[in-house]
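To start, the structure itself, in structure tokens.
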Amino acid sequence: MGNMEPNFSTTAGPLDTPFVLGGQVFGSRLLVGTGKYRDFAQTRDAIDASGAEIVTVAIRRVNIGQDPSAPSLLDALDPKRHTLLPNSAGCYTAEDAVRTLRLARELLDGHDLVKLEVLGSPETLFPNMPETLRAAETLVRDGFRVMVYCSDDPVQARMLEAIGCVAIMPLASLIGSGMGILNPWNLRIIIDEARVPVIVDAGVGTASDATIAMELGCDGVLMNTAIAAAGDPVRMALAMRQGVSAGRHAFLAGRMPRREYQGSPSSPVEGVIGQRPGRRVA
């Protein structure tokens, strides 16, 4: 689709900062998953439309070489264009998560940028934070660059950053729910306190949700179901790409102040015919 981003380098507004994860610089702030698509061809087309460079892979659910006799996701993705982000989706203990990501490192020739996910409930898919913290400590100690799915608890987020995680990934709402951002206040606290990238992970349902996340100041957004379960996944991927971009530009531009119970005319009021000097215009 080409680069649709305008060049704002000559404006007086603030320039964007690089999007850096674990020492790597990425151009796209949209991260996408690879599950729930009709087939690998649709996966490829949607990812291309999204412009995403980072693509998550659930090691327990998607074949990237574990089964040589089955189709591999790697046949549909260009490794020169995409950074694979193995994740431990489907793990419910720290031990299982660590084992899964160690397997991913072996399958991908030493790749150490991973997404840690330890679930606490098969119904809600809410994170098990005590197990997540234990797994994060082990993985960081083993030399992994850990991006971590977590609750939207600012205290837990600080603990994960202190352990050495390279990105904090709080949920906006439950995985696959499409409910959008239910607690923007907690996200703002996490964003304001974090010294590593904050990426909304889980709960995005449509492009406006992605835009809101970026307007809050998130560094990026990760999604899967919102694209894969859409009526037209490829078109939705494009919408998400544009939504993330719009939200980032709005964040950098700075929104106007909110004026409760007071309007403000869009046009100048000085010199209005029939207006006496100093009189307010409703």
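Naming works like this for the structure tokens: A, B, ... for the chains as they're shown, residue 1 at the start of each chain, ligands 1 onward in shown order.
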### Query
Hey, what's within 9 Å of A:Ile199 if we count only C-alpha atoms and toss same-chain stuff fewer than 5 positions away? As JSON, numbers by chain, please?
{"A": [29, 167, 168, 169, 170, 171, 213, 218, 219, 220, 221, 222]}
Write the residues of the preceding selection, restricted to C-alpha atoms, as a compact mmCIF listing (two decimals), in the first residue's frame.
```
# COMPACT_ATOMS: atom_id res chain seq x y z
CA ARG A 29 3.20 1.38 16.05
CA ALA A 167 7.57 -3.10 27.22
CA ILE A 168 4.48 -3.08 29.42
CA MET A 169 1.30 -4.32 27.71
CA PRO A 170 -1.81 -3.68 29.83
CA LEU A 171 -5.16 -4.95 28.62
CA ALA A 213 -5.36 4.35 22.94
CA CYS A 218 0.27 4.75 24.39
CA ASP A 219 3.37 3.94 22.35
CA GLY A 220 1.58 1.30 20.32
CA VAL A 221 -1.40 -1.04 20.05
CA LEU A 222 -1.46 -4.82 19.63
```
### Task
Going by DSSP on the backbone, which bits of stretch 10-148 of chain A are strand (DSSP E or B)? Write them as an MDAnalysis selection string, please.
chainID A and resid 19:21 24:26 30:32 54:58 83:87 113:116 119 127 145:148
Interface rows for stretch 15-65 of chain A against stretch 173-186 of chain A: nearest pair, Å to one decimal, 12 Å, only C-alpha atoms, as a Markdown table:
```
| residue | atom | partner | partner_atom | distance |
| --- | --- | --- | --- | --- |
| A:Gly33 | CA | A:Gly176 | CA | 11.6 |
| A:Gly35 | CA | A:Gly176 | CA | 11.2 |
| A:Lys36 | CA | A:Gly176 | CA | 10.6 |
```
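In this model, the gap between atom CA of A:Arg141 and atom CA of A:His82 comes to 26.3 Å.
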### Task
Please give the complete set of residues from stretch 72-242 of chain A that DSSP, run on the backbone, assigns to helix (DSSP H, G or I), formatted as a ChimeraX atom specification.
/A:73-75,94-107,129-141,154-163,184-193,207-216,225-228,233-242
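Take the candidates A:Leu77, A:Arg105, A:Ile212, A:Arg60 and check each one against A:Arg44 using only C-alpha atoms; the shortest distance goes to A:Leu77.
In this model, the gap between atom CA of A:Thr138 and atom CA of A:Val25 comes to 25.3 Å.
In this comparison, which uses only C-alpha atoms, the residue of A:Val98, A:Ala207, A:Met256, A:Leu74 approaching A:Arg235 most closely is A:Ala207.
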### Task
Using only C-alpha atoms, determine which residues lie at most 8 Å from A:Ala194, disregarding the query and same-chain residues fewer than 5 positions distant; provide the list as a ChimeraX atom specification.
/A:157-158,161
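Close contacts of stretch 128-135 of chain A, defined as residues with an atom at most 7 Å away when counting only C-alpha atoms, with chain neighbours fewer than 4 positions off set aside, comprise A:Thr93, A:Ala94, A:Ala97, A:Val98, A:Glu117, A:Val118, A:Leu119, A:Gly120, A:Leu139, A:Cys150, A:Leu160.
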Please, could you write that set of residues out with C-alpha atoms as a tab-separated table (two decimals), in the first residue's frame?
```tsv
chain	number	residue	atom	x	y	z
A	93	THR	CA	1.80	-21.23	34.89
A	94	ALA	CA	5.17	-19.51	34.92
A	97	ALA	CA	5.34	-19.91	29.76
A	98	VAL	CA	9.10	-20.08	30.25
A	117	GLU	CA	1.47	-14.05	28.65
A	118	VAL	CA	0.37	-16.10	31.66
A	119	LEU	CA	-3.38	-16.50	31.96
A	120	GLY	CA	-5.34	-16.87	35.17
A	139	LEU	CA	13.09	-14.91	31.32
A	150	CYS	CA	-0.53	-7.59	32.23
A	160	LEU	CA	7.45	-5.57	35.77
```
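Each of A:Ala230, A:Met223, A:Val166, A:Leu107 was compared to A:Val20 using only C-alpha atoms, and A:Val166 turns out to be the nearest.
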Would you kindly return, as a PDB file with N, CA and C atoms, in the first residue's frame, each protein, DNA or RNA residue with an atom no farther than 7 Å from any atom of A:Phe144, considering only C-alpha atoms and excluding same-chain residues fewer than 3 positions away?
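Okay, this is what ended up in around29.pdb:
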```pdb
ATOM      1  N   ASP A 112      15.277 -13.519  20.709  1.00  0.00           N
ATOM      2  CA  ASP A 112      15.023 -13.353  22.139  1.00  0.00           C
ATOM      3  C   ASP A 112      13.988 -12.280  22.480  1.00  0.00           C
ATOM      4  N   LEU A 113      13.394 -11.627  21.482  1.00  0.00           N
ATOM      5  CA  LEU A 113      12.318 -10.677  21.742  1.00  0.00           C
ATOM      6  C   LEU A 113      11.011 -11.462  21.785  1.00  0.00           C
ATOM      7  N   LEU A 139      12.764 -15.184  32.730  1.00  0.00           N
ATOM      8  CA  LEU A 139      13.089 -14.912  31.323  1.00  0.00           C
ATOM      9  C   LEU A 139      14.108 -13.781  31.185  1.00  0.00           C
ATOM     10  N   VAL A 140      13.969 -12.729  31.970  1.00  0.00           N
ATOM     11  CA  VAL A 140      14.938 -11.629  31.920  1.00  0.00           C
ATOM     12  C   VAL A 140      16.310 -12.132  32.354  1.00  0.00           C
TER      13      VAL A 140
END
```
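For the atom pair formed by atom CA of A:Gly27 and atom CA of A:Arg102, the distance is 27.4 Å, given to one decimal.
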